[in-house]
Amino acid sequence: MIEKFETQWGGRTLSIEVGRYAAQANGACIVRYGDTVVQATAVLSENKRDGIDFFPLMVDYEEKLYAAGKIKGSRFIKREGRPSDEAILTGRMIDRSIRPLFDSRMRNDVQVITTVFSVDMENDSDIPCLIAASVALTISDIPWNGPIGGIAIGRILSGAEITPTSTDVGGGETDGKAEWVINPTLAARAKSMLDLTVCGTPEKVLMIEAGAQEVPEEIMAEAIAFGQKHLREVIELIERVQKKVGKAKRPLLVPANDAERQAADERATLMEDARAFLMPKIREKFFGAPKATKVGRRDARRELEAELDAHLIEKNVGKEKRAPILRTVYDIIESEVTRQILDDGKRVDGRALDEVRPLIVEVGALPRTHGSGHFSRGETQVLSIVTLGAPSMEQTIDAMEFSGKKRYMHHYNFPPYSVGETGPLRGPGRREIGHGALAEKALIAVIPKKETFPYTVRIVSEVLSSNGSSSMASTCGSTMALMDAGVPITAPVAGVAMGLASDKTGRYKILTDLQDLEDGKGGMDFKVTGTRKGVTAIQLDTKTDGLIPAIINETLTRAHAARLKILDAMEAVLAAPRPELSKYAPRIYTLQISPDRIRDVIGPGGKVINEIIAKTGVEIDIEQTGLVFITSVSAEGAERALEWVRNLTREVKAGETFQGKITRIMNFGAFAEILPKQEGLIHISELAPFRVGAVEDIVKLGDVVPVKVIEIDEMGRINLSLKQAPGYSVEKYGNGARPGSDDHGGRGGGYGNRP
């Protein structure tokens, strides 16, 4: 039976439909917002996966080009293939929002798939997909502690053109200059100084994703609170759906029979014994003498595992029963790390709660790259490299909701050796794409506009060692690399990851500069990047059931203080971009031509532009506005190409002089090429200061003679004069002819009559 539910939200109708499609899934729904329509399904496997120590959740976001009325541009492959980076990032956003509300002890596979059926090019599909995922899980029989909602928030200057029917403005105008916008349209997002996504409930936040143009922390906190307030309509709608069509949840963690109950009781007894055995040893190994390195803490954990294994063997516990107990050693250590922080304010490496690990900042580490920066914070070490290219090197984007060019790219590599492991080297995974996108978002606010810096910019961050927030180290290292390359960024950007220790009683303490064992249950990974002026990006996920506003506000304040310390260290090495680009970087020269003359530069089938490129060794890009970019590592080649293009597109004016090459001879005069593809007529009367009987008597094909532009007629034709050109003389350009000469007197009455 089909059921439909609706509410007004942000000036548009949000509708949820259940019962029409995907009936065999544990939960399924259709969500519509404007004309954007998405489906979400949630499926639970019937069997548990043995031998794993994690909850196997899979979340996928499926872009479909048909949703936007598009066919893939490739000539050979028309089917959707590998998900785009944007699709991966949206899938990660949904995953990070719903994962904390599952019981982490579950070992049955859960898969959530969101599929975009229709997009209206106004309402982004990410928020409807998140809501649809929440609905599918809420109405299913899958154990999940929802529902949650998601919302996008923008902050747009008052007076900006925003379609009234597509936005809901109000409730947050703080300074008379800007206003809050709920779920801004794609066009409105482009005008917003803030692009914020908040997921959770009106009381608690589970996930934050933000990009901003140096927004102060207090404004960011206000934006998050504003978004939370407007989640209420969504949560109430989902609860109506659940009440009408929701299924009873499965008791997955309850033993089904006496044998399972007995096994569970035995495991619980063994766990209590293991915890009692480990606790004094954990305190001695980890806090009696704080371990300064991740390797030291790893070795201490392995020692504990070996000691616990020997202890269980002495108690005649079989191998199959020991294995799951040994897998809990890490969790027990994490729980004690949390307790030590809450009770005594102690961290495993001896730092204060608000202390940043030692920093190392270097630039110019690589001799032939365009720019490089090395940033280390504790054991996290990243080398970032900048490459500058021509405008033609921009990335072409052909996605469901966007087609265009991308001139700034940040790529992030995380090889297995960075965490002391082995593994195959394959393409980037979801984590690498997500971390690269975060660093890209952090820096895009300070990247110069194309009008002032027309280069394509690619940054690659190589993670050489990782122990806590390599994405934030990538942000810092990339800032240094950009300044080393001479890219005129508007301000340095730094980032830091903030953590949390909390328990079920509500106690919590915030940690600056999160690392390995500190990211346990009751924790968070709250990454904040920005300049001295304000925030440029946020990414938050948590292992709690959500963060209260007090935690968010305090974290933003503490992150700001840490960011300033990191910026101090960075600016002590290089405070501003170098005044000159690397000598190995190409130079870009710009030239504005009339759009009507673009075809003259390109030529038929690209013949002219390809000739210029082949003979000068440059790259040439031309925009529809007539702006020409010439990129070259050779100044000489660039100058030749510039002059060539200038000559092709130059607008000739009366009074100018040129060296003209005779290309055609007619009985009434000669045509001379004065610029590439531009000819003018030297009328026979303008060949000499006397009567000329035959044009060939004065000039021949291929001659190069000085000419002066005497007129451009109403049809745009160029009239030239040889006799009026500076440098003309009868002796030099008369070919021996003189007034009254017998050699020429037989034609046209001779040269006796001067004009």
# chains A, B, ... in the order shown; residues from 1 in each chain; ligands from 1
call {"tool": "residues_around", "arguments": {"residues": "Arg563 (chain A)", "least_positions_apart": "5", "cutoff": "7 Å", "atoms": "only C-alpha atoms", "output": "mmCIF file with C-alpha atoms, in the first residue's frame"}}
result
data_model
loop_
_atom_site.group_PDB
_atom_site.id
_atom_site.type_symbol
_atom_site.label_atom_id
_atom_site.label_comp_id
_atom_site.auth_asym_id
_atom_site.auth_seq_id
_atom_site.Cartn_x
_atom_site.Cartn_y
_atom_site.Cartn_z
ATOM 1 C CA ALA A 494 46.343 25.868 8.936
ATOM 2 C CA GLY A 495 44.243 23.055 10.370
ATOM 3 C CA VAL A 496 43.983 20.925 13.487
#
call {"tool": "select_by_dssp", "arguments": {"residues": "region 50-292 of chain A", "states": "alpha helix (DSSP H)", "output": "number ranges by chain"}}
result
A: 85-98, 126-139, 186-189, 217-229, 232-245, 258-282
call {"tool": "closest_residue", "arguments": {"among": "A:Leu556, A:Ile98, A:Leu353, A:Leu237", "to": "Ile219 (chain A)", "atoms": "only C-alpha atoms"}}
result
A:Leu556
call {"tool": "residues_around", "arguments": {"residues": "Leu511 (chain A)", "least_positions_apart": "4", "cutoff": "6 Å", "atoms": "only C-alpha atoms", "output": "list in words"}}
result
Leu353, Met498, Gly499 and Leu500 of chain A
call {"tool": "write_last_selection", "arguments": {"atoms": "C-alpha atoms", "output": "short mmCIF file (atom, residue, chain, number, x, y, z; two decimals), in the first residue's frame"}}
result
data_model
loop_
_atom_site.label_atom_id
_atom_site.label_comp_id
_atom_site.auth_asym_id
_atom_site.auth_seq_id
_atom_site.Cartn_x
_atom_site.Cartn_y
_atom_site.Cartn_z
CA LEU A 353 44.87 18.55 26.85
CA MET A 498 40.13 18.13 17.84
CA GLY A 499 39.15 15.07 19.86
CA LEU A 500 36.81 14.23 22.70
#
